[in-house]
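What follows is the content of model.json, which has JSON, C-alpha atoms:
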```
[["chain", "number", "residue", "atom", "x", "y", "z"],
["Q", 1288, "MET", "CA", 0.00, 0.00, 0.00],
["Q", 1289, "GLY", "CA", 1.26, 3.51, -0.84],
["Q", 1290, "LYS", "CA", 1.65, 6.32, 1.63],
["Q", 1291, "LYS", "CA", -1.37, 8.53, 2.13],
["Q", 1292, "VAL", "CA", -2.07, 11.68, 4.10],
["Q", 1293, "ASP", "CA", -5.70, 12.71, 4.62],
["Q", 1294, "ILE", "CA", -6.31, 16.15, 6.07],
["Q", 1295, "GLU", "CA", -9.68, 17.54, 7.06],
["Q", 1296, "ILE", "CA", -9.68, 21.30, 7.57],
["Q", 1297, "GLY", "CA", -12.57, 22.63, 9.59],
["Q", 1298, "LYS", "CA", -13.66, 26.18, 10.16],
["Q", 1299, "ASN", "CA", -11.03, 28.42, 11.67],
["Q", 1300, "GLY", "CA", -8.38, 26.12, 10.21],
["Q", 1301, "GLN", "CA", -8.46, 23.26, 12.75],
["Q", 1302, "MET", "CA", -6.96, 20.20, 11.10],
["Q", 1303, "LYS", "CA", -7.44, 16.48, 11.55],
["Q", 1304, "VAL", "CA", -4.64, 14.56, 9.89],
["Q", 1305, "GLU", "CA", -4.47, 10.83, 9.18],
["Q", 1306, "PHE", "CA", -1.26, 9.20, 8.02],
["Q", 1307, "SER", "CA", -1.66, 5.78, 6.38],
["Q", 1308, "GLY", "CA", 0.76, 3.26, 4.90],
["Q", 1309, "PHE", "CA", 3.87, 4.49, 6.72],
["Q", 1310, "ILE", "CA", 6.34, 2.03, 8.20],
["Q", 1311, "GLY", "CA", 7.66, 2.30, 11.74],
["Q", 1312, "GLU", "CA", 8.20, 5.85, 12.93],
["Q", 1313, "ASP", "CA", 8.18, 7.28, 9.38],
["Q", 1314, "CYS", "CA", 4.77, 8.86, 9.85],
["Q", 1315, "PHE", "CA", 6.03, 10.93, 12.77],
["Q", 1316, "SER", "CA", 9.02, 12.18, 10.76],
["Q", 1317, "GLU", "CA", 6.70, 12.98, 7.85],
["Q", 1318, "ALA", "CA", 4.38, 14.89, 10.21],
["Q", 1319, "GLU", "CA", 7.35, 16.95, 11.40],
["Q", 1320, "VAL", "CA", 8.49, 17.70, 7.85],
["Q", 1321, "LEU", "CA", 4.96, 18.76, 6.93],
["Q", 1322, "GLN", "CA", 4.68, 20.92, 10.04],
["Q", 1323, "GLY", "CA", 8.00, 22.59, 9.18],
["Q", 1324, "MET", "CA", 6.88, 23.36, 5.63],
["Q", 1325, "LEU", "CA", 3.61, 24.83, 6.88],
["Q", 1326, "ARG", "CA", 5.55, 26.93, 9.35],
["Q", 1327, "GLU", "CA", 7.69, 28.33, 6.50],
["Q", 1328, "MET", "CA", 4.46, 29.42, 4.81],
["Q", 1329, "GLY", "CA", 3.31, 31.17, 7.97],
["Q", 1330, "LEU", "CA", 0.92, 28.49, 9.20],
["Q", 1331, "TRP", "CA", 1.65, 27.37, 12.75],
["Q", 1332, "ALA", "CA", 0.10, 23.95, 13.23],
["Q", 1333, "ILE", "CA", 0.08, 23.19, 16.94],
["Q", 1334, "PRO", "CA", -0.58, 19.53, 17.81],
["Q", 1335, "VAL", "CA", -3.57, 18.97, 20.07],
["Q", 1336, "THR", "CA", -3.82, 15.17, 19.95],
["Q", 1337, "VAL", "CA", -1.65, 12.45, 18.45],
["Q", 1338, "ILE", "CA", -3.11, 8.94, 18.40],
["Q", 1339, "PRO", "CA", -1.16, 5.97, 17.00],
["Q", 1340, "LYS", "CA", -3.37, 3.61, 15.01],
["Q", 1341, "THR", "CA", -4.47, 0.35, 16.60],
["Q", 1342, "ARG", "CA", -3.45, -3.02, 15.18],
["Q", 1343, "ALA", "CA", -6.99, -3.45, 13.81],
["Q", 1344, "GLN", "CA", -6.81, -0.07, 12.01],
["Q", 1345, "LEU", "CA", -3.40, -0.93, 10.57],
["Q", 1346, "ASP", "CA", -4.64, -4.33, 9.38],
["Q", 1347, "ALA", "CA", -7.61, -2.66, 7.73],
["Q", 1348, "GLU", "CA", -5.21, -0.47, 5.68],
["Q", 1349, "VAL", "CA", -3.60, -3.51, 4.09],
["Q", 1350, "PRO", "CA", -5.84, -5.45, 1.72],
["Q", 1351, "ALA", "CA", -6.38, -9.11, 2.63],
["Q", 1352, "PRO", "CA", -4.04, -11.43, 0.72],
["Q", 1353, "ALA", "CA", -5.63, -13.06, -2.32],
["Q", 1354, "GLU", "CA", -6.74, -16.64, -1.78],
["Q", 1355, "SER", "CA", -4.01, -18.97, -2.93],
["Q", 1356, "LYS", "CA", -4.90, -21.14, -5.86],
["Q", 1357, "LYS", "CA", -3.57, -24.59, -6.50],
["Q", 1358, "LYS", "CA", -2.88, -25.83, -9.99],
["Q", 1359, "VAL", "CA", -4.71, -29.00, -10.86],
["Q", 1360, "LEU", "CA", -3.62, -31.15, -13.74],
["Q", 1361, "LEU", "CA", -6.43, -32.24, -15.98],
["Q", 1362, "SER", "CA", -5.74, -35.39, -17.79],
["J", 1462, "MET", "CA", 3.08, 2.63, 12.03],
["J", 1463, "SER", "CA", 0.60, 5.29, 11.03],
["J", 1464, "HIS", "CA", -1.24, 7.76, 13.18],
["J", 1465, "MET", "CA", -4.02, 10.30, 13.47],
["J", 1466, "SER", "CA", -3.52, 13.75, 14.92],
["J", 1467, "SER", "CA", -5.34, 17.03, 15.30],
["J", 1468, "TYR", "CA", -3.92, 20.53, 15.22],
["J", 1469, "LYS", "CA", -5.06, 24.03, 15.95],
["J", 1470, "THR", "CA", -3.62, 26.65, 13.65],
["J", 1471, "ASP", "CA", -2.42, 30.22, 13.72],
["J", 1472, "ILE", "CA", -1.10, 32.50, 10.98],
["J", 1473, "LYS", "CA", 2.07, 34.49, 11.47],
["J", 1474, "LEU", "CA", 4.13, 35.81, 8.57],
["J", 1475, "ASP", "CA", 7.55, 36.13, 10.18],
["J", 1476, "ASN", "CA", 9.89, 34.21, 7.88],
["J", 1477, "ALA", "CA", 10.86, 37.13, 5.65],
["J", 1478, "LEU", "CA", 11.15, 39.37, 8.72],
["J", 1479, "ALA", "CA", 13.53, 36.87, 10.34],
["J", 1480, "ASN", "CA", 15.74, 37.19, 7.25],
["J", 1481, "GLY", "CA", 15.72, 40.98, 7.27],
["J", 1482, "ARG", "CA", 13.18, 41.34, 4.47],
["J", 1483, "SER", "CA", 9.79, 43.04, 4.46],
["J", 1484, "VAL", "CA", 6.66, 41.16, 5.42],
["J", 1485, "GLU", "CA", 5.26, 41.67, 1.90],
["J", 1486, "GLU", "CA", 8.07, 39.41, 0.65],
["J", 1487, "ASP", "CA", 7.00, 36.59, 2.97],
["J", 1488, "PRO", "CA", 5.77, 33.47, 1.15],
["J", 1489, "GLY", "CA", 2.64, 33.70, 3.28],
["J", 1490, "TRP", "CA", 1.72, 37.16, 1.96],
["J", 1491, "ASP", "CA", 0.55, 35.91, -1.43],
["J", 1492, "ILE", "CA", -1.12, 32.90, 0.18],
["J", 1493, "LEU", "CA", -3.03, 35.19, 2.54],
["J", 1494, "SER", "CA", -4.09, 37.35, -0.39],
["J", 1495, "GLU", "CA", -5.27, 34.24, -2.26],
["J", 1496, "ALA", "CA", -7.18, 33.04, 0.83],
["J", 1497, "ILE", "CA", -8.89, 36.43, 1.20],
["J", 1498, "PHE", "CA", -9.90, 36.65, -2.47],
["J", 1499, "ALA", "CA", -11.27, 33.07, -2.30],
["J", 1500, "ALA", "CA", -13.31, 33.95, 0.82],
["J", 1501, "ALA", "CA", -14.60, 37.08, -0.92],
["J", 1502, "GLU", "CA", -15.74, 35.03, -3.89],
["J", 1503, "ASP", "CA", -17.38, 32.37, -1.68],
["J", 1504, "LEU", "CA", -19.23, 34.88, 0.48],
["J", 1505, "ASN", "CA", -19.91, 37.58, -2.15],
["J", 1506, "LEU", "CA", -17.74, 40.24, -0.53],
["J", 1507, "ASP", "CA", -16.08, 43.28, -2.07],
["J", 1508, "ILE", "CA", -12.38, 43.86, -1.50],
["J", 1509, "SER", "CA", -10.78, 47.23, -0.88],
["J", 1510, "HIS", "CA", -8.39, 48.76, 1.66],
["J", 1511, "THR", "CA", -10.88, 50.65, 3.84],
["J", 1512, "ILE", "CA", -13.32, 49.65, 6.57],
["J", 1513, "HIS", "CA", -15.41, 52.02, 8.69],
["J", 1514, "ASP", "CA", -16.22, 52.21, 12.36],
["J", 1515, "TYR", "CA", -19.63, 52.88, 13.91],
["J", 1516, "TYR", "CA", -19.13, 56.64, 13.51],
["J", 1517, "GLY", "CA", -18.26, 56.32, 9.82],
["J", 1518, "ARG", "CA", -14.58, 56.97, 10.26],
["J", 1519, "ALA", "CA", -12.40, 55.25, 7.66],
["J", 1520, "ILE", "CA", -9.70, 52.80, 8.77],
["J", 1521, "LEU", "CA", -7.04, 51.72, 6.29],
["J", 1522, "CYS", "CA", -6.18, 48.01, 6.17],
["J", 1523, "ASP", "CA", -4.05, 45.68, 4.07],
["J", 1524, "TRP", "CA", -7.27, 44.07, 2.89],
["J", 1525, "ALA", "CA", -10.84, 45.13, 3.65],
["J", 1526, "LEU", "CA", -13.91, 43.00, 2.99],
["J", 1527, "THR", "CA", -17.37, 44.52, 2.82],
["J", 1528, "SER", "CA", -20.86, 43.51, 1.76],
["J", 1529, "PRO", "CA", -24.39, 44.92, 2.10],
["J", 1530, "ASP", "CA", -24.76, 42.62, 5.15],
["J", 1531, "MET", "CA", -21.62, 44.04, 6.69],
["J", 1532, "PRO", "CA", -21.23, 47.57, 5.30],
["J", 1533, "ARG", "CA", -18.59, 48.65, 7.82],
["J", 1534, "GLY", "CA", -16.43, 45.73, 6.75],
["J", 1535, "LEU", "CA", -13.82, 43.40, 8.18],
["J", 1536, "GLY", "CA", -10.19, 44.40, 7.86],
["J", 1537, "VAL", "CA", -7.12, 42.18, 7.73],
["J", 1538, "ASN", "CA", -3.79, 43.62, 8.78],
["J", 1539, "VAL", "CA", -0.31, 42.17, 8.99],
["J", 1540, "ASP", "CA", 1.95, 43.72, 11.62],
["J", 1541, "ARG", "CA", 5.04, 44.99, 9.82],
["J", 1542, "LYS", "CA", 7.29, 44.28, 12.84],
["J", 1543, "THR", "CA", 6.03, 40.88, 14.05],
["J", 1544, "GLY", "CA", 4.15, 39.40, 11.08],
["J", 1545, "GLU", "CA", 1.09, 38.81, 13.24],
["J", 1546, "VAL", "CA", -2.16, 38.76, 11.36],
["J", 1547, "SER", "CA", -5.12, 40.55, 12.91],
["J", 1548, "PHE", "CA", -8.75, 40.92, 11.94],
["J", 1549, "ILE", "CA", -10.47, 44.18, 12.79],
["J", 1550, "SER", "CA", -14.08, 45.26, 12.64],
["J", 1551, "ASP", "CA", -16.44, 47.46, 14.58],
["J", 1552, "ASN", "CA", -19.13, 44.94, 15.47],
["J", 1553, "PHE", "CA", -21.35, 47.31, 17.44],
["J", 1554, "GLY", "CA", -24.90, 46.60, 16.40],
["J", 1555, "GLY", "CA", -24.57, 42.84, 15.97],
["J", 1556, "TYR", "CA", -22.01, 42.06, 13.29],
["J", 1557, "GLU", "CA", -19.89, 39.71, 15.41],
["J", 1558, "ARG", "CA", -21.24, 36.49, 13.98],
["J", 1559, "TYR", "CA", -20.78, 37.57, 10.37],
["J", 1560, "ALA", "CA", -17.32, 38.95, 11.06],
["J", 1561, "GLU", "CA", -16.38, 35.65, 12.73],
["J", 1562, "GLU", "CA", -17.68, 33.69, 9.74],
["J", 1563, "ILE", "CA", -15.53, 35.70, 7.33],
["J", 1564, "LYS", "CA", -12.47, 35.35, 9.56],
["J", 1565, "ASP", "CA", -13.00, 31.59, 9.92],
["J", 1566, "ARG", "CA", -13.30, 31.21, 6.16],
["J", 1567, "ILE", "CA", -10.08, 33.14, 5.54],
["J", 1568, "VAL", "CA", -8.15, 31.01, 8.05],
["J", 1569, "GLN", "CA", -9.67, 27.82, 6.63],
["J", 1570, "ASN", "CA", -8.72, 28.84, 3.07],
["J", 1571, "TYR", "CA", -5.22, 29.79, 4.21],
["J", 1572, "SER", "CA", -4.73, 26.43, 5.94],
["J", 1573, "ALA", "CA", -6.05, 24.53, 2.91],
["J", 1574, "LEU", "CA", -3.77, 26.43, 0.52],
["J", 1575, "CYS", "CA", -0.70, 25.84, 2.72],
["J", 1576, "VAL", "CA", -1.42, 22.13, 3.18],
["J", 1577, "THR", "CA", -2.00, 21.64, -0.55],
["J", 1578, "LYS", "CA", 1.22, 23.46, -1.46],
["J", 1579, "ALA", "CA", 3.25, 21.61, 1.20],
["J", 1580, "LEU", "CA", 2.04, 18.15, 0.13],
["J", 1581, "ALA", "CA", 2.68, 18.99, -3.54],
["J", 1582, "ALA", "CA", 6.20, 20.15, -2.64],
["J", 1583, "LEU", "CA", 6.75, 16.78, -0.92],
["J", 1584, "ASN", "CA", 5.82, 15.11, -4.24],
["J", 1585, "TYR", "CA", 2.41, 13.89, -3.14],
["J", 1586, "SER", "CA", -0.32, 13.71, -5.71],
["J", 1587, "VAL", "CA", -2.92, 16.03, -4.17],
["J", 1588, "ASP", "CA", -6.72, 16.06, -4.40],
["J", 1589, "VAL", "CA", -8.88, 18.72, -2.76],
["J", 1590, "ASP", "CA", -12.57, 18.34, -2.02],
["J", 1591, "GLU", "CA", -15.13, 20.36, -0.10],
["J", 1592, "VAL", "CA", -18.04, 19.05, 1.91],
["J", 1593, "LYS", "CA", -20.77, 20.96, 3.68],
["J", 1594, "HIS", "CA", -21.42, 19.75, 7.20],
["J", 1595, "PRO", "CA", -24.89, 20.65, 8.56],
["J", 1596, "ILE", "CA", -23.52, 21.79, 11.93],
["J", 1597, "GLU", "CA", -19.81, 22.39, 11.49],
["J", 1598, "GLY", "CA", -20.12, 24.22, 8.15],
["J", 1599, "LYS", "CA", -17.76, 23.85, 5.21],
["J", 1600, "LYS", "CA", -14.90, 21.37, 5.52],
["J", 1601, "VAL", "CA", -11.99, 21.09, 3.14],
["J", 1602, "LEU", "CA", -10.63, 17.59, 2.56],
["J", 1603, "VAL", "CA", -7.10, 17.34, 1.23],
["J", 1604, "ARG", "CA", -5.70, 13.96, 0.25],
["J", 1605, "GLY", "CA", -2.06, 13.40, -0.63],
["J", 1606, "VAL", "CA", -0.96, 10.08, -2.13],
["J", 1607, "LEU", "CA", 2.69, 9.16, -2.59]]
```

Let me see whether you can do it: turn the structure in this file into structure tokens.
Amino acid sequence: MGKKVDIEIGKNGQMKVEFSGFIGEDCFSEAEVLQGMLREMGLWAIPVTVIPKTRAQLDAEVPAPAESKKKVLLS
Amino acid sequence: MSHMSSYKTDIKLDNALANGRSVEEDPGWDILSEAIFAAAEDLNLDISHTIHDYYGRAILCDWALTSPDMPRGLGVNVDRKTGEVSFISDNFGGYERYAEEIKDRIVQNYSALCVTKALAALNYSVDVDEVKHPIEGKKVLVRGVL
């Protein structure tokens, strides 16, 4: 699965951000890079909550493996 | 791992100032202008540089937004020394709610523009959508895919 960032911007600029498809701590580094770029543009994004995804949420991001098929010889 | 987070936001155009340049040269200046013009288009507002107070006295601003519903107008100013962005209006007579709505829309547009530009600069393929929430008003949804 590719990396994905979903951002919902409410009135007055409050943001809810969801990082998907990142491995290990990569999502936290990406969040910091993004925050830094916003800061350079004059937008101070101050974290209010940070919630790591649960195992179930992570599993849901990855599509279930396709059912394995066995070759059968037809004589 | 992946995560979800929420942020509150504030606008302050102090990057150019920190490098000894004028605030008009800040990357945020043009973004703020774009956010204000987009809000004006959305809410049918006129743009000038003058608002008025209750007594009819003119006040010069960097941007001024007026409409028949808010004839005195809402002004947006950027402090030339600190880069702080302020919104000014004389709300006497019950204009607070409308002034707040305009301000919220400008900040929302500004945030959306910054996020879109930042994700694009990080090589994400970016999609922007808008939804109208019955209680929370307009929401902007930005999706970046790498």

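When all atoms listed in the file are used to compute distances to Asn1584 (chain J), the closest of the residues Q:Leu1330, Q:Val1292, Q:Val1337, Q:Ala1343 turns out to be Q:Val1292.
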
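The space separating CA of Phe1309 (chain Q) from CA of Gln1322 (chain Q) comes to 16.8 Å.
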
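Among the candidates J:Leu1504, J:Val1539, J:Ile1549, J:Leu1474, the one nearest to chain Q when counting all atoms listed in the file is J:Leu1474.
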
Contacts between chain Q and chain J, please, where a residue of chain J counts if it comes within 8 Å (with all atoms listed in the file); show its shortest atom pair and distance in Å to one decimal, rows by chain and ascending number, as CSV.
```
residue,atom,partner,partner_atom,distance
J:Met1462,CA,Q:Gly1311,CA,4.6
J:Ser1463,CA,Q:Ser1307,CA,5.2
J:His1464,CA,Q:Pro1339,CA,4.2
J:Met1465,CA,Q:Glu1305,CA,4.3
J:Ser1466,CA,Q:Val1337,CA,4.2
J:Ser1467,CA,Q:Lys1303,CA,4.3
J:Tyr1468,CA,Q:Pro1334,CA,4.3
J:Lys1469,CA,Q:Gln1301,CA,4.7
J:Thr1470,CA,Q:Ala1332,CA,4.6
J:Asp1471,CA,Q:Trp1331,CA,5.1
J:Ile1472,CA,Q:Leu1330,CA,4.8
J:Lys1473,CA,Q:Gly1329,CA,5.0
J:Leu1474,CA,Q:Gly1329,CA,4.7
J:Asp1475,CA,Q:Gly1329,CA,6.9
J:Asn1476,CA,Q:Glu1327,CA,6.4
J:Asp1487,CA,Q:Met1328,CA,7.8
J:Pro1488,CA,Q:Met1328,CA,5.6
J:Gly1489,CA,Q:Met1328,CA,4.9
J:Lys1564,CA,Q:Asn1299,CA,7.4
J:Asp1565,CA,Q:Asn1299,CA,4.1
J:Arg1566,CA,Q:Lys1298,CA,6.4
J:Ile1567,CA,Q:Asn1299,CA,7.8
J:Val1568,CA,Q:Asn1299,CA,5.3
J:Gln1569,CA,Q:Gly1300,CA,4.2
J:Asn1570,CA,Q:Gly1300,CA,7.6
J:Tyr1571,CA,Q:Gly1300,CA,7.7
J:Ser1572,CA,Q:Gly1300,CA,5.6
J:Ala1573,CA,Q:Ile1296,CA,6.7
J:Cys1575,CA,Q:Leu1325,CA,6.1
J:Val1576,CA,Q:Leu1325,CA,6.8
J:Ala1579,CA,Q:Met1324,CA,6.0
J:Leu1580,CA,Q:Leu1321,CA,7.4
J:Glu1597,CA,Q:Lys1298,CA,7.3
J:Gly1598,CA,Q:Lys1298,CA,7.0
J:Lys1599,CA,Q:Lys1298,CA,6.8
J:Lys1600,CA,Q:Gly1297,CA,4.9
J:Val1601,CA,Q:Ile1296,CA,5.0
J:Leu1602,CA,Q:Glu1295,CA,4.6
J:Val1603,CA,Q:Ile1294,CA,5.0
J:Arg1604,CA,Q:Asp1293,CA,4.5
J:Gly1605,CA,Q:Val1292,CA,5.0
J:Val1606,CA,Q:Lys1291,CA,4.6
J:Leu1607,CA,Q:Lys1290,CA,5.2
```

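Take CA of Glu1562 (chain J) and CA of Met1531 (chain J): the distance between them is 11.5 Å.
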
Which of these residues is nearest to Phe1548 (chain J), using all atoms listed in the file: J:Lys1578, J:His1594, J:Asp1507, J:Ile1497? J:Ile1497

Rank nothing, just name the residue among J:Gly1544, J:Gly1534, J:Gly1481, J:Pro1595 nearest to Tyr1515 (chain J), using all atoms listed in the file.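 Closest to Tyr1515 (chain J) of all the choices is J:Gly1534.
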
Distance CA of Thr1543 (chain J)-CA of Leu1521 (chain J), one decimal place? 18.7 Å

Please provide the set of residues having any atom within 7 Å of Ile1512 (chain J), restricted to only C-alpha atoms, with same-chain residues fewer than 4 positions apart removed, written as a PyMOL selection string. chain J and resi 1519-1521+1525+1533-1536

Just write the chosen residues, C-alpha atoms, as a CSV table (one decimal), in the coordinates of the input.
```csv
chain,number,residue,atom,x,y,z
J,1519,ALA,CA,-12.4,55.2,7.7
J,1520,ILE,CA,-9.7,52.8,8.8
J,1521,LEU,CA,-7.0,51.7,6.3
J,1525,ALA,CA,-10.8,45.1,3.6
J,1533,ARG,CA,-18.6,48.6,7.8
J,1534,GLY,CA,-16.4,45.7,6.8
J,1535,LEU,CA,-13.8,43.4,8.2
J,1536,GLY,CA,-10.2,44.4,7.9
```
